[in-house]
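The data block below is protein.cif; it holds mmCIF, C-alpha atoms.
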```cif
data_query
#
loop_
_atom_site.label_atom_id
_atom_site.label_comp_id
_atom_site.auth_asym_id
_atom_site.auth_seq_id
_atom_site.Cartn_x
_atom_site.Cartn_y
_atom_site.Cartn_z
CA MET A 1 0.00 0.00 0.00
CA ASP A 2 1.23 3.48 -0.84
CA TRP A 3 1.46 4.97 2.67
CA GLN A 4 3.22 8.08 1.41
CA ALA A 5 0.21 8.92 -0.76
CA ILE A 6 -2.25 8.10 2.02
CA TRP A 7 -0.37 10.34 4.45
CA LEU A 8 -0.28 13.13 1.86
CA SER A 9 -4.04 12.84 1.33
CA VAL A 10 -4.66 12.95 5.08
CA ARG A 11 -2.49 16.07 5.41
CA LEU A 12 -4.24 17.69 2.48
CA ALA A 13 -7.69 16.80 3.81
CA VAL A 14 -6.96 18.06 7.33
CA SER A 15 -5.46 21.35 6.07
CA THR A 16 -8.35 21.85 3.66
CA THR A 17 -10.90 21.24 6.41
CA LEU A 18 -9.22 23.68 8.80
CA ILE A 19 -9.04 26.42 6.15
CA LEU A 20 -12.63 25.74 5.13
CA LEU A 21 -13.85 26.05 8.72
CA ALA A 22 -12.06 29.39 9.06
CA VAL A 23 -13.35 30.70 5.73
CA GLY A 24 -16.62 28.81 5.56
CA MET A 25 -18.12 29.72 8.93
CA PRO A 26 -18.21 33.51 8.36
CA LEU A 27 -19.49 32.88 4.84
CA ALA A 28 -22.17 30.50 6.14
CA TYR A 29 -23.13 33.06 8.81
CA TRP A 30 -23.57 35.71 6.16
CA LEU A 31 -25.61 33.35 3.96
CA ALA A 32 -27.82 32.33 6.88
CA PHE A 33 -28.57 35.77 8.27
CA SER A 34 -27.96 38.42 5.61
CA PRO A 35 -31.11 39.91 4.06
CA HIS A 36 -29.02 41.02 1.07
CA ARG A 37 -30.91 41.09 -2.21
CA TRP A 38 -28.14 39.50 -4.27
CA LYS A 39 -27.42 36.73 -1.80
CA PHE A 40 -28.69 34.09 -4.24
CA LEU A 41 -25.79 34.87 -6.56
CA VAL A 42 -23.27 34.07 -3.83
CA GLU A 43 -25.22 30.91 -3.01
CA ALA A 44 -24.97 29.86 -6.66
CA VAL A 45 -21.21 30.49 -6.77
CA VAL A 46 -20.66 28.51 -3.55
CA ALA A 47 -22.63 25.56 -4.99
CA LEU A 48 -20.78 25.59 -8.36
CA PRO A 49 -18.19 22.93 -7.43
CA LEU A 50 -21.06 20.50 -6.82
CA VAL A 51 -22.16 20.80 -10.42
CA LEU A 52 -18.98 21.55 -12.39
CA PRO A 53 -16.93 18.54 -13.46
CA PRO A 54 -13.61 18.41 -11.58
CA THR A 55 -11.85 18.64 -14.93
CA VAL A 56 -13.39 22.07 -15.54
CA LEU A 57 -12.45 23.23 -12.07
CA GLY A 58 -8.94 21.81 -12.42
CA PHE A 59 -8.46 23.38 -15.84
CA TYR A 60 -9.45 26.80 -14.52
CA VAL A 61 -7.42 26.45 -11.35
CA LEU A 62 -4.28 25.55 -13.31
CA LEU A 63 -4.70 28.66 -15.45
CA ALA A 64 -5.63 30.80 -12.43
CA ILE A 65 -2.62 29.86 -10.32
CA GLY A 66 -0.11 29.49 -13.17
CA PRO A 67 2.76 31.95 -13.55
CA ARG A 68 0.94 33.90 -16.28
CA SER A 69 -2.03 34.79 -14.07
CA PRO A 70 -2.09 37.76 -11.65
CA VAL A 71 -2.62 35.40 -8.71
CA GLY A 72 0.29 33.18 -9.71
CA ALA A 73 2.55 36.19 -10.38
CA LEU A 74 1.69 37.72 -6.99
CA TYR A 75 2.34 34.43 -5.23
CA ALA A 76 5.70 34.08 -7.00
CA ARG A 77 6.68 37.62 -5.95
CA LEU A 78 5.68 37.04 -2.32
CA THR A 79 7.13 33.57 -1.80
CA GLY A 80 9.54 33.00 -4.67
CA GLY A 81 7.78 29.68 -5.30
CA MET A 82 5.10 28.55 -7.69
CA LEU A 83 1.62 27.25 -6.95
CA PRO A 84 1.14 24.62 -9.69
CA PHE A 85 2.61 21.22 -8.83
CA SER A 86 2.96 22.15 -5.15
CA PHE A 87 1.12 21.15 -1.98
CA GLN A 88 -0.07 24.75 -1.59
CA GLY A 89 -1.50 24.68 -5.11
CA LEU A 90 -3.42 21.49 -4.30
CA LEU A 91 -4.64 23.17 -1.14
CA VAL A 92 -6.05 26.12 -3.10
CA ALA A 93 -7.79 23.73 -5.49
CA SER A 94 -9.15 21.54 -2.68
CA VAL A 95 -10.53 24.48 -0.72
CA LEU A 96 -12.45 25.65 -3.79
CA TYR A 97 -13.56 22.13 -4.63
CA SER A 98 -14.91 21.34 -1.14
CA LEU A 99 -16.32 24.78 -0.35
CA PRO A 100 -20.01 23.79 -0.66
CA PHE A 101 -19.43 20.71 1.48
CA THR A 102 -18.59 22.96 4.42
CA VAL A 103 -20.71 26.02 3.72
CA GLN A 104 -24.03 24.37 2.91
CA PRO A 105 -24.50 22.18 6.02
CA VAL A 106 -23.12 24.92 8.27
CA ALA A 107 -25.38 27.59 6.80
CA ALA A 108 -28.39 25.28 7.12
CA ALA A 109 -27.50 24.59 10.77
CA PHE A 110 -27.06 28.32 11.49
CA ALA A 111 -30.42 29.11 9.90
CA ALA A 112 -32.10 26.42 12.00
CA VAL A 113 -30.98 27.99 15.29
CA ASP A 114 -34.01 29.45 17.08
CA ARG A 115 -34.04 33.12 16.20
CA LYS A 116 -35.56 33.99 19.59
CA LEU A 117 -32.52 32.72 21.43
CA VAL A 118 -30.18 34.74 19.23
CA GLU A 119 -32.23 37.92 19.70
CA ALA A 120 -32.56 37.31 23.45
CA SER A 121 -28.78 37.18 23.65
CA TRP A 122 -28.46 40.43 21.71
CA CYS A 123 -31.10 42.12 23.93
CA LEU A 124 -29.14 41.09 27.00
CA GLY A 125 -26.26 43.14 25.68
CA VAL A 126 -24.08 40.31 24.37
CA SER A 127 -22.14 41.33 21.27
CA ARG A 128 -22.79 39.73 17.91
CA LEU A 129 -19.46 37.96 17.92
CA ALA A 130 -19.98 36.59 21.42
CA THR A 131 -23.53 35.50 20.52
CA PHE A 132 -22.14 33.72 17.48
CA ARG A 133 -19.51 32.01 19.59
CA ARG A 134 -21.63 31.16 22.64
CA VAL A 135 -25.15 30.64 21.27
CA ILE A 136 -25.13 29.93 17.56
CA ILE A 137 -22.08 27.66 17.31
CA PRO A 138 -23.02 25.39 20.24
CA LEU A 139 -26.53 24.98 18.90
CA ALA A 140 -25.31 24.39 15.34
CA LEU A 141 -22.46 22.10 16.33
CA PRO A 142 -23.78 18.94 14.59
CA GLY A 143 -24.05 20.93 11.34
CA VAL A 144 -20.53 22.30 11.73
CA ALA A 145 -19.22 18.81 12.42
CA THR A 146 -21.05 17.46 9.36
CA GLY A 147 -19.53 20.20 7.20
CA ALA A 148 -16.03 19.49 8.50
CA ILE A 149 -16.34 15.71 8.09
CA LEU A 150 -17.79 15.94 4.59
CA SER A 151 -15.01 18.32 3.49
CA PHE A 152 -12.42 15.97 4.93
CA ALA A 153 -13.94 12.95 3.16
CA HIS A 154 -14.46 14.81 -0.10
CA THR A 155 -10.81 15.93 -0.15
CA MET A 156 -9.59 12.43 0.70
CA GLY A 157 -11.36 11.12 -2.40
CA GLU A 158 -10.57 14.05 -4.68
CA PHE A 159 -9.29 12.89 -8.07
CA GLY A 160 -10.04 14.96 -11.15
CA VAL A 161 -8.86 18.29 -9.79
CA VAL A 162 -5.63 16.83 -8.46
CA LEU A 163 -5.03 15.07 -11.76
CA MET A 164 -5.40 18.38 -13.59
CA VAL A 165 -3.19 20.57 -11.37
CA GLY A 166 -0.96 18.18 -9.41
CA GLY A 167 1.67 16.84 -11.78
CA ASN A 168 1.87 13.55 -9.83
CA ILE A 169 4.97 14.23 -7.72
CA ALA A 170 5.56 11.57 -5.06
CA GLY A 171 5.15 12.97 -1.57
CA VAL A 172 4.05 16.37 -2.88
CA THR A 173 1.03 15.97 -5.13
CA ARG A 174 0.57 12.20 -5.60
CA THR A 175 -2.55 11.72 -3.49
CA VAL A 176 -4.09 8.36 -2.71
CA SER A 177 -6.63 8.48 -5.55
CA ILE A 178 -3.88 9.31 -8.07
CA SER A 179 -1.78 6.48 -6.67
CA ILE A 180 -4.67 4.06 -7.19
CA TYR A 181 -5.14 5.33 -10.73
CA ASP A 182 -1.43 4.80 -11.44
CA GLN A 183 -1.61 1.30 -10.06
CA VAL A 184 -4.57 0.46 -12.32
CA GLN A 185 -2.83 2.02 -15.33
CA GLY A 186 0.32 0.07 -14.55
CA LEU A 187 -1.81 -3.13 -14.48
CA ASN A 188 -0.90 -3.49 -10.82
CA TYR A 189 -4.44 -4.55 -9.94
CA GLY A 190 -3.58 -6.22 -6.62
CA ALA A 191 -2.06 -3.08 -5.11
CA ALA A 192 -4.90 -0.98 -6.52
CA ALA A 193 -7.48 -3.23 -4.88
CA GLU A 194 -5.67 -3.04 -1.56
CA THR A 195 -5.46 0.77 -1.49
CA SER A 196 -9.03 1.09 -2.79
CA LEU A 197 -10.30 -1.11 0.01
CA PHE A 198 -8.49 1.07 2.52
CA LEU A 199 -10.07 4.21 1.05
CA LEU A 200 -13.48 2.54 1.05
CA ALA A 201 -13.12 1.67 4.73
CA VAL A 202 -12.06 5.24 5.58
CA SER A 203 -14.95 6.72 3.61
CA PHE A 204 -17.49 4.42 5.22
CA THR A 205 -16.21 5.18 8.71
CA VAL A 206 -16.32 8.91 8.09
CA LEU A 207 -19.84 8.80 6.66
CA ALA A 208 -21.13 6.53 9.43
CA LEU A 209 -19.71 9.06 11.87
CA THR A 210 -21.50 11.89 10.10
CA TYR A 211 -24.88 10.20 10.22
CA ALA A 212 -24.31 9.15 13.82
CA LEU A 213 -23.76 12.81 14.69
CA GLN A 214 -26.99 13.76 12.99
CA ARG A 215 -29.07 11.43 15.16
CA ARG A 216 -31.01 13.46 17.66
CA VAL A 217 -31.31 10.83 20.36
CA TRP A 218 -28.36 8.67 21.20
CA ALA A 219 -29.69 5.99 23.49
CA LEU A 220 -26.72 3.65 23.79
CA TRP A 221 -28.67 1.29 25.98
CA PRO A 222 -32.43 0.77 26.29
CA MET A 223 -33.49 2.97 29.19
CA SER A 224 -36.37 0.98 30.53
CA MET B 225 -17.49 -0.85 -36.04
CA THR B 226 -15.81 0.91 -33.11
CA ILE B 227 -12.10 1.53 -32.82
CA ALA B 228 -10.47 2.24 -29.48
CA ALA B 229 -7.41 4.36 -30.20
CA ALA B 230 -4.61 5.95 -28.20
CA ALA B 231 -5.10 9.68 -27.74
CA ASP B 232 -1.96 10.57 -29.72
CA LEU B 233 -3.62 9.20 -32.86
CA ASN B 234 -6.47 11.70 -32.69
CA PHE B 235 -5.62 13.85 -35.71
CA ALA B 236 -4.01 11.25 -37.93
CA LEU B 237 -6.82 8.79 -37.40
CA ASP B 238 -9.54 11.34 -38.05
CA GLU B 239 -8.08 11.85 -41.51
CA ILE B 240 -7.50 8.15 -42.09
CA SER B 241 -11.05 7.27 -41.09
CA ARG B 242 -12.43 9.98 -43.39
CA LYS B 243 -10.57 8.41 -46.29
CA PHE B 244 -11.66 4.93 -45.23
CA ARG B 245 -15.33 5.94 -45.02
CA ALA B 246 -15.14 7.43 -48.51
CA GLU B 247 -14.11 4.02 -49.85
CA HIS B 248 -16.28 1.87 -47.59
CA SER B 249 -19.60 3.65 -47.27
CA ASP B 250 -21.23 0.47 -45.93
CA VAL B 251 -19.11 0.48 -42.76
CA ASP B 252 -20.37 2.52 -39.80
CA LEU B 253 -17.04 3.55 -38.30
CA ARG B 254 -16.72 5.10 -34.87
CA MET B 255 -13.66 6.24 -32.93
CA ALA B 256 -13.06 6.32 -29.20
CA TYR B 257 -9.87 8.07 -28.09
CA GLY B 258 -8.34 7.55 -24.67
CA SER B 259 -5.50 6.16 -22.65
CA SER B 260 -4.18 2.79 -23.79
CA GLY B 261 -4.02 1.49 -20.22
CA ASN B 262 -7.67 2.38 -19.60
CA PHE B 263 -8.71 0.72 -22.85
CA TYR B 264 -6.74 -2.37 -21.95
CA ALA B 265 -8.59 -2.72 -18.64
CA GLN B 266 -11.94 -2.05 -20.32
CA ILE B 267 -11.32 -4.50 -23.14
CA ARG B 268 -10.40 -7.23 -20.68
CA ASN B 269 -13.82 -6.56 -19.19
CA GLN B 270 -15.62 -7.05 -22.51
CA ALA B 271 -15.74 -3.46 -23.76
CA PRO B 272 -17.45 -3.59 -27.17
CA PHE B 273 -14.55 -2.51 -29.41
CA ASP B 274 -13.67 -4.11 -32.73
CA ILE B 275 -10.09 -2.87 -33.07
CA PHE B 276 -7.66 -1.55 -30.49
CA LEU B 277 -4.89 0.81 -31.61
CA SER B 278 -2.56 1.17 -28.66
CA ALA B 279 0.26 3.65 -28.00
CA ASP B 280 2.58 0.71 -27.48
CA VAL B 281 2.69 -2.87 -28.60
CA GLU B 282 2.65 -4.45 -25.13
CA TYR B 283 -1.05 -4.00 -24.40
CA PRO B 284 -2.23 -5.62 -27.66
CA ARG B 285 0.32 -8.39 -27.18
CA LYS B 286 -1.06 -9.07 -23.70
CA LEU B 287 -4.61 -9.12 -25.07
CA VAL B 288 -3.65 -11.77 -27.63
CA HIS B 289 -1.95 -13.69 -24.85
CA ASP B 290 -5.09 -13.40 -22.69
CA GLY B 291 -7.15 -14.81 -25.56
CA VAL B 292 -9.13 -11.57 -25.94
CA GLY B 293 -7.39 -10.35 -29.10
CA VAL B 294 -7.68 -12.30 -32.36
CA ARG B 295 -4.62 -14.54 -32.50
CA ASP B 296 -2.94 -13.70 -35.81
CA SER B 297 -4.06 -10.08 -35.99
CA LEU B 298 -1.36 -8.31 -33.96
CA PHE B 299 0.34 -5.57 -35.97
CA VAL B 300 2.74 -2.64 -35.59
CA TYR B 301 1.42 0.39 -37.45
CA ALA B 302 3.82 3.15 -36.46
CA VAL B 303 6.89 4.12 -34.50
CA GLY B 304 6.56 7.15 -32.25
CA ARG B 305 9.12 9.93 -31.84
CA ILE B 306 9.60 12.27 -28.91
CA VAL B 307 10.48 15.98 -28.94
CA VAL B 308 11.44 18.61 -26.40
CA TRP B 309 8.70 21.23 -26.62
CA VAL B 310 8.53 24.85 -25.43
CA PRO B 311 5.74 27.39 -26.04
CA ALA B 312 6.32 29.89 -28.86
CA SER B 313 6.56 32.73 -26.32
CA SER B 314 9.27 31.01 -24.27
CA PRO B 315 12.81 32.48 -24.35
CA LEU B 316 14.20 28.93 -24.11
CA ASP B 317 15.77 27.11 -27.03
CA PRO B 318 14.17 23.65 -27.14
CA ALA B 319 17.51 22.01 -27.94
CA THR B 320 19.08 23.24 -24.70
CA ALA B 321 16.00 23.91 -22.57
CA LEU B 322 16.42 20.76 -20.47
CA ARG B 323 19.80 22.02 -19.26
CA ALA B 324 18.67 25.59 -18.55
CA ALA B 325 19.07 26.60 -14.91
CA SER B 326 15.99 28.84 -15.03
CA VAL B 327 13.72 25.85 -15.66
CA ARG B 328 11.63 24.93 -12.62
CA HIS B 329 9.37 22.22 -13.97
CA VAL B 330 9.90 19.68 -16.74
CA ALA B 331 6.72 17.87 -17.80
CA ILE B 332 6.82 14.29 -19.06
CA ALA B 333 4.09 11.67 -19.30
CA ASN B 334 3.94 9.24 -16.40
CA PRO B 335 6.62 6.60 -17.17
CA GLN B 336 4.77 4.09 -15.01
CA HIS B 337 2.10 3.60 -17.64
CA ALA B 338 2.60 5.95 -20.61
CA PRO B 339 4.94 4.61 -23.31
CA TYR B 340 5.99 8.16 -24.23
CA GLY B 341 6.79 8.80 -20.59
CA ARG B 342 9.06 5.76 -20.52
CA ALA B 343 10.80 6.99 -23.67
CA ALA B 344 11.22 10.47 -22.16
CA GLU B 345 12.75 9.02 -19.02
CA ALA B 346 15.12 6.82 -21.03
CA ALA B 347 16.15 9.81 -23.17
CA LEU B 348 16.91 11.90 -20.07
CA HIS B 349 19.12 9.09 -18.81
CA SER B 350 21.00 8.64 -22.06
CA LEU B 351 21.46 12.39 -22.54
CA GLY B 352 23.06 12.36 -19.09
CA ILE B 353 20.71 14.95 -17.58
CA TYR B 354 18.33 12.77 -15.62
CA ASP B 355 19.89 13.55 -12.24
CA SER B 356 19.81 17.30 -12.81
CA VAL B 357 16.12 17.34 -13.81
CA ALA B 358 14.79 14.57 -11.56
CA GLY B 359 13.71 17.09 -8.93
CA LYS B 360 11.93 19.19 -11.56
CA LEU B 361 9.82 16.46 -13.15
CA VAL B 362 6.06 16.70 -13.16
CA LEU B 363 4.06 13.84 -14.61
CA GLY B 364 1.14 14.20 -16.98
CA GLU B 365 -1.46 11.48 -16.97
CA ASN B 366 -0.98 11.13 -20.72
CA ILE B 367 0.99 12.86 -23.42
CA ALA B 368 -1.75 15.42 -24.17
CA GLN B 369 -1.97 16.54 -20.56
CA THR B 370 1.81 16.79 -20.48
CA LEU B 371 1.62 19.24 -23.36
CA GLN B 372 -1.14 21.17 -21.59
CA PHE B 373 1.08 21.59 -18.51
CA VAL B 374 3.65 23.36 -20.71
CA GLN B 375 1.13 25.22 -22.83
CA SER B 376 -0.46 26.72 -19.71
CA GLY B 377 2.94 27.97 -18.53
CA ALA B 378 2.80 25.88 -15.37
CA ALA B 379 5.77 23.85 -16.59
CA ASP B 380 8.58 25.49 -18.59
CA VAL B 381 9.41 22.65 -20.94
CA GLY B 382 8.03 19.24 -21.75
CA ILE B 383 8.87 16.05 -23.59
CA VAL B 384 5.95 15.09 -25.79
CA ALA B 385 5.17 13.08 -28.91
CA LEU B 386 6.22 14.51 -32.26
CA SER B 387 2.73 13.66 -33.48
CA LEU B 388 1.32 16.02 -30.88
CA ALA B 389 3.77 18.83 -31.66
CA LEU B 390 2.70 18.55 -35.31
CA ALA B 391 -1.04 18.40 -34.56
CA PRO B 392 -2.89 21.26 -36.27
CA PRO B 393 -4.02 23.09 -33.08
CA VAL B 394 -0.53 22.84 -31.56
CA ARG B 395 1.79 23.39 -34.51
CA ALA B 396 1.87 27.20 -34.34
CA GLN B 397 1.95 27.36 -30.57
CA GLY B 398 5.40 26.08 -29.82
CA ARG B 399 8.88 25.12 -30.96
CA TYR B 400 10.42 21.69 -30.64
CA TRP B 401 13.66 19.78 -30.87
CA ILE B 402 13.52 16.19 -32.05
CA VAL B 403 15.27 13.90 -29.59
CA PRO B 404 17.85 11.77 -31.47
CA ILE B 405 16.42 8.36 -32.26
CA GLY B 406 19.16 6.38 -30.51
CA ALA B 407 18.53 8.10 -27.17
CA TYR B 408 15.55 5.97 -26.24
CA PRO B 409 14.12 2.56 -27.06
CA GLU B 410 11.84 2.51 -30.06
CA ILE B 411 8.19 3.32 -29.26
CA GLU B 412 6.41 0.73 -31.35
CA GLN B 413 2.71 1.43 -31.57
CA GLY B 414 0.74 -1.72 -32.07
CA GLY B 415 -2.82 -2.77 -32.62
CA VAL B 416 -4.97 -5.85 -32.54
CA ILE B 417 -8.35 -6.96 -33.85
CA LEU B 418 -10.74 -7.82 -31.03
CA LYS B 419 -13.80 -8.88 -32.97
CA ASP B 420 -13.00 -10.45 -36.28
CA SER B 421 -14.95 -9.22 -39.28
CA LYS B 422 -14.38 -8.34 -42.91
CA ALA B 423 -14.61 -4.63 -42.09
CA ALA B 424 -12.05 -4.94 -39.28
CA ARG B 425 -9.61 -6.74 -41.62
CA GLU B 426 -10.18 -4.11 -44.29
CA PHE B 427 -9.48 -1.27 -41.87
CA ARG B 428 -6.31 -2.94 -40.70
CA SER B 429 -5.01 -3.29 -44.27
CA PHE B 430 -6.07 0.27 -45.04
CA LEU B 431 -4.06 1.56 -42.08
CA LEU B 432 -0.98 -0.49 -43.01
CA ASP B 433 -1.18 0.24 -46.75
CA GLU B 434 -0.08 3.24 -48.71
CA VAL B 435 -2.78 5.76 -47.73
CA GLY B 436 -2.64 4.99 -44.02
CA ARG B 437 1.14 5.10 -43.96
CA ARG B 438 1.28 8.38 -45.84
CA ILE B 439 -1.12 10.06 -43.40
CA LEU B 440 0.62 8.64 -40.34
CA LYS B 441 3.92 9.96 -41.66
CA LYS B 442 2.43 13.38 -42.24
CA TYR B 443 1.37 13.51 -38.57
CA GLY B 444 4.83 12.72 -37.24
CA PHE B 445 4.85 8.95 -36.90
CA SER B 446 7.81 7.09 -38.32
CA LEU B 447 6.94 3.92 -40.13
CA PRO B 448 7.83 0.46 -38.97
CA ALA B 449 10.72 -1.01 -40.97
CA ASN B 450 8.46 -3.55 -42.60
#
```

Could I get this structure in the form of structure tokens?
Amino acid sequence: MDWQAIWLSVRLAVSTTLILLAVGMPLAYWLAFSPHRWKFLVEAVVALPLVLPPTVLGFYVLLAIGPRSPVGALYARLTGGMLPFSFQGLLVASVLYSLPFTVQPVAAAFAAVDRKLVEASWCLGVSRLATFRRVIIPLALPGVATGAILSFAHTMGEFGVVLMVGGNIAGVTRTVSISIYDQVQGLNYGAAAETSLFLLAVSFTVLALTYALQRRVWALWPMS
Amino acid sequence: MTIAAAADLNFALDEISRKFRAEHSDVDLRMAYGSSGNFYAQIRNQAPFDIFLSADVEYPRKLVHDGVGVRDSLFVYAVGRIVVWVPASSPLDPATALRAASVRHVAIANPQHAPYGRAAEAALHSLGIYDSVAGKLVLGENIAQTLQFVQSGAADVGIVALSLALAPPVRAQGRYWIVPIGAYPEIEQGGVILKDSKAAREFRSFLLDEVGRRILKKYGFSLPAN
């Protein structure tokens, strides 16, 4: 089994999830509570990665972070490095690719928080930020956890985007799904089956965890 | 009749099949382009193709060995060449680009499964520059993606198929240097008939005869010695 690729995918998925929580929660808050007229446009943009084929996303990302783009040129000036074919480049692509997987469940959970509790907190003189931290987040925690877990799982299984922007460098951009693809292409079916089974087990565990979190009542033992 | 063909044949085969259709109006000919390794796996699982034109000769040979390909129908239709390719706007000279210190990324096809990638790797070894570029290599999934890495500017230089460098949409976009033929093992491109029929036999002869050979040559494939 290609442990180097598995470890890389885990690192990528964890980093992506952390960034998405930092970026996604404010965005989800805005989507849940803003009365802005053009909000639907932002909602559509956030949902785009669900609909666009990864090849389209990857093609655009490669052009957008390449040395000929303003973003790529700025990055090169700031860091001296280049985004394509680097872990950071994959991170940019993964954050975009998994954005709806964080933002949508979190926004739905925020919107489901009882408005009366939020307003009561405000009326008692608690600031908006503190209300967000101490009322909204605790009540929306299952939704936040779902968003984080789905983003993690989605990044673990990411293939098309990585194929388009990664360049398949061992330890840098050869993620587990690319490694499996290589093994199949190299007619190394045994190794491919082994790694695939591992990924299947991880995915199942993660999803089972998500649905377990969504259960309202968790009676571990019959009470009566 | 459906032909599964390696992606590098795209342009040559479009022209060949046009000519073939003009002579055989009774044959309903369809093309599917893709990666030879993918086709191999699909064909072993009963994909409904009549002919398989691979980017190497190993896959068809294995299919005959597996009993999936028609026994006596294995053939070599072309020999591939590789070139060092840079975009037209690049300041690099393709003949020396691989040695340039300013180069950060060199794109080749994945040597693990792409025949052109294996040839590129062998050429880097025999030109004595493999060690100096090993840390700069990025791997395309196939030869077309390798070209796209360079075309987009993400990689500075790439080693691709001559047939691709000569393809109509690419020809004006870059400059290339043909890697000397002795620098890498010959890339024999082979094919096999999967479902025997008169039409399949006719297409095979058409490809190997004068018209097919002329078109293949025009698109940058050398011809097998015999």

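Residue nearest chain B within the list A:Val103, A:Ile65, A:Ala76, A:Ala192: A:Ile65 [criterion: smallest interatomic distance, only C-alpha atoms].
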
* Tell me which protein, DNA and RNA residues are within 12 Å of Leu207 of chain A, counting all atoms listed in the file, leaving out same-chain ones fewer than 2 positions away, and put them as JSON, numbers by chain. => {"A": [145, 146, 147, 148, 149, 150, 151, 152, 153, 154, 200, 201, 202, 203, 204, 205, 209, 210, 211, 212, 213, 214]}

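In this model, the gap between atom CA of Phe159 of chain A and atom CA of Ala344 of chain B comes to 25.0 Å.
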
* Asked: What would the list of residues within 12 Å of (-19.5, 19.8, -10.0) (file frame) look like as a ChimeraX atom specification, if only C-alpha atoms are what count?
  -> /A:44-58,96-101,158,160-161

Kindly save the residues from that selection, with C-alpha atoms included, as a CSV table (one decimal), in the coordinates of the input.
```csv
chain,number,residue,atom,x,y,z
A,44,ALA,CA,-25.0,29.9,-6.7
A,45,VAL,CA,-21.2,30.5,-6.8
A,46,VAL,CA,-20.7,28.5,-3.6
A,47,ALA,CA,-22.6,25.6,-5.0
A,48,LEU,CA,-20.8,25.6,-8.4
A,49,PRO,CA,-18.2,22.9,-7.4
A,50,LEU,CA,-21.1,20.5,-6.8
A,51,VAL,CA,-22.2,20.8,-10.4
A,52,LEU,CA,-19.0,21.6,-12.4
A,53,PRO,CA,-16.9,18.5,-13.5
A,54,PRO,CA,-13.6,18.4,-11.6
A,55,THR,CA,-11.8,18.6,-14.9
A,56,VAL,CA,-13.4,22.1,-15.5
A,57,LEU,CA,-12.4,23.2,-12.1
A,58,GLY,CA,-8.9,21.8,-12.4
A,96,LEU,CA,-12.4,25.6,-3.8
A,97,TYR,CA,-13.6,22.1,-4.6
A,98,SER,CA,-14.9,21.3,-1.1
A,99,LEU,CA,-16.3,24.8,-0.4
A,100,PRO,CA,-20.0,23.8,-0.7
A,101,PHE,CA,-19.4,20.7,1.5
A,158,GLU,CA,-10.6,14.0,-4.7
A,160,GLY,CA,-10.0,15.0,-11.2
A,161,VAL,CA,-8.9,18.3,-9.8
```

Give the residues of chain A that lie within 6 Å of chain B; count all atoms listed in the file, and format the answer as a compact mmCIF listing (two decimals) with C-alpha atoms, keeping the file's coordinate frame.
```txt
# COMPACT_ATOMS: atom_id res chain seq x y z
CA GLY A 66 -0.11 29.49 -13.17
CA GLY A 167 1.67 16.84 -11.78
CA ASN A 168 1.87 13.55 -9.83
CA GLN A 185 -2.83 2.02 -15.33
CA GLY A 186 0.32 0.07 -14.55
```

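Going from atom CA of Leu432 of chain B to atom CA of Pro448 of chain B covers 9.7 Å.
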
* Skipping near chain neighbours, those fewer than 4 positions away, what residues fall within 12 Å of Arg268 of chain B using all atoms listed in the file, listed as a ChimeraX atom specification? -> /A:187 /B:261-264,272-273,276,283-284,286-293,418

If you keep C-alpha atoms, can you produce a file of those selected residues as an mmCIF file, in the coordinates of the input?
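Dumped everything to out.cif:
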```
data_model
loop_
_atom_site.group_PDB
_atom_site.id
_atom_site.type_symbol
_atom_site.label_atom_id
_atom_site.label_comp_id
_atom_site.auth_asym_id
_atom_site.auth_seq_id
_atom_site.Cartn_x
_atom_site.Cartn_y
_atom_site.Cartn_z
ATOM 1 C CA LEU A 187 -1.810 -3.130 -14.480
ATOM 2 C CA GLY B 261 -4.020 1.490 -20.220
ATOM 3 C CA ASN B 262 -7.670 2.380 -19.600
ATOM 4 C CA PHE B 263 -8.710 0.720 -22.850
ATOM 5 C CA TYR B 264 -6.740 -2.370 -21.950
ATOM 6 C CA PRO B 272 -17.450 -3.590 -27.170
ATOM 7 C CA PHE B 273 -14.550 -2.510 -29.410
ATOM 8 C CA PHE B 276 -7.660 -1.550 -30.490
ATOM 9 C CA TYR B 283 -1.050 -4.000 -24.400
ATOM 10 C CA PRO B 284 -2.230 -5.620 -27.660
ATOM 11 C CA LYS B 286 -1.060 -9.070 -23.700
ATOM 12 C CA LEU B 287 -4.610 -9.120 -25.070
ATOM 13 C CA VAL B 288 -3.650 -11.770 -27.630
ATOM 14 C CA HIS B 289 -1.950 -13.690 -24.850
ATOM 15 C CA ASP B 290 -5.090 -13.400 -22.690
ATOM 16 C CA GLY B 291 -7.150 -14.810 -25.560
ATOM 17 C CA VAL B 292 -9.130 -11.570 -25.940
ATOM 18 C CA GLY B 293 -7.390 -10.350 -29.100
ATOM 19 C CA LEU B 418 -10.740 -7.820 -31.030
#
```

* Asked: For the atom pair atom CA of Leu386 of chain B and atom CA of Thr226 of chain B, what is the interatomic distance in Å to one decimal place?
  ->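 Interatomic distance, atom CA of Leu386 of chain B to atom CA of Thr226 of chain B: 25.9 Å.
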
* To do: Could you tell me which of B:Asn366, B:Gln266, B:Ser314, B:Gln375 comes closest to Arg342 of chain B if we count only C-alpha atoms?
  => B:Asn366

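Residue selection for this entry, given the PyMOL selection byres ((chain A and resi 173) around 9), comprises Ala5, Leu8, Ser9, Phe85, Ser86, Phe87, Leu90, Val162, Val165, Gly166, Gly167, Asn168, Ile169, Ala170, Gly171, Val172, Arg174, Thr175 and Ile178 of chain A.
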
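Look at Asp433 of chain B: the protein and nucleic acid residues within 12 Å of it, using all atoms listed in the file and passing over chain neighbours fewer than 2 places away, are B:Ile240, B:Phe244, B:Tyr301, B:Ala302, B:Glu426, B:Phe427, B:Arg428, B:Ser429, B:Phe430, B:Leu431, B:Val435, B:Gly436, B:Arg437, B:Arg438, B:Ile439, B:Leu440, B:Leu447, B:Pro448, B:Asn450.
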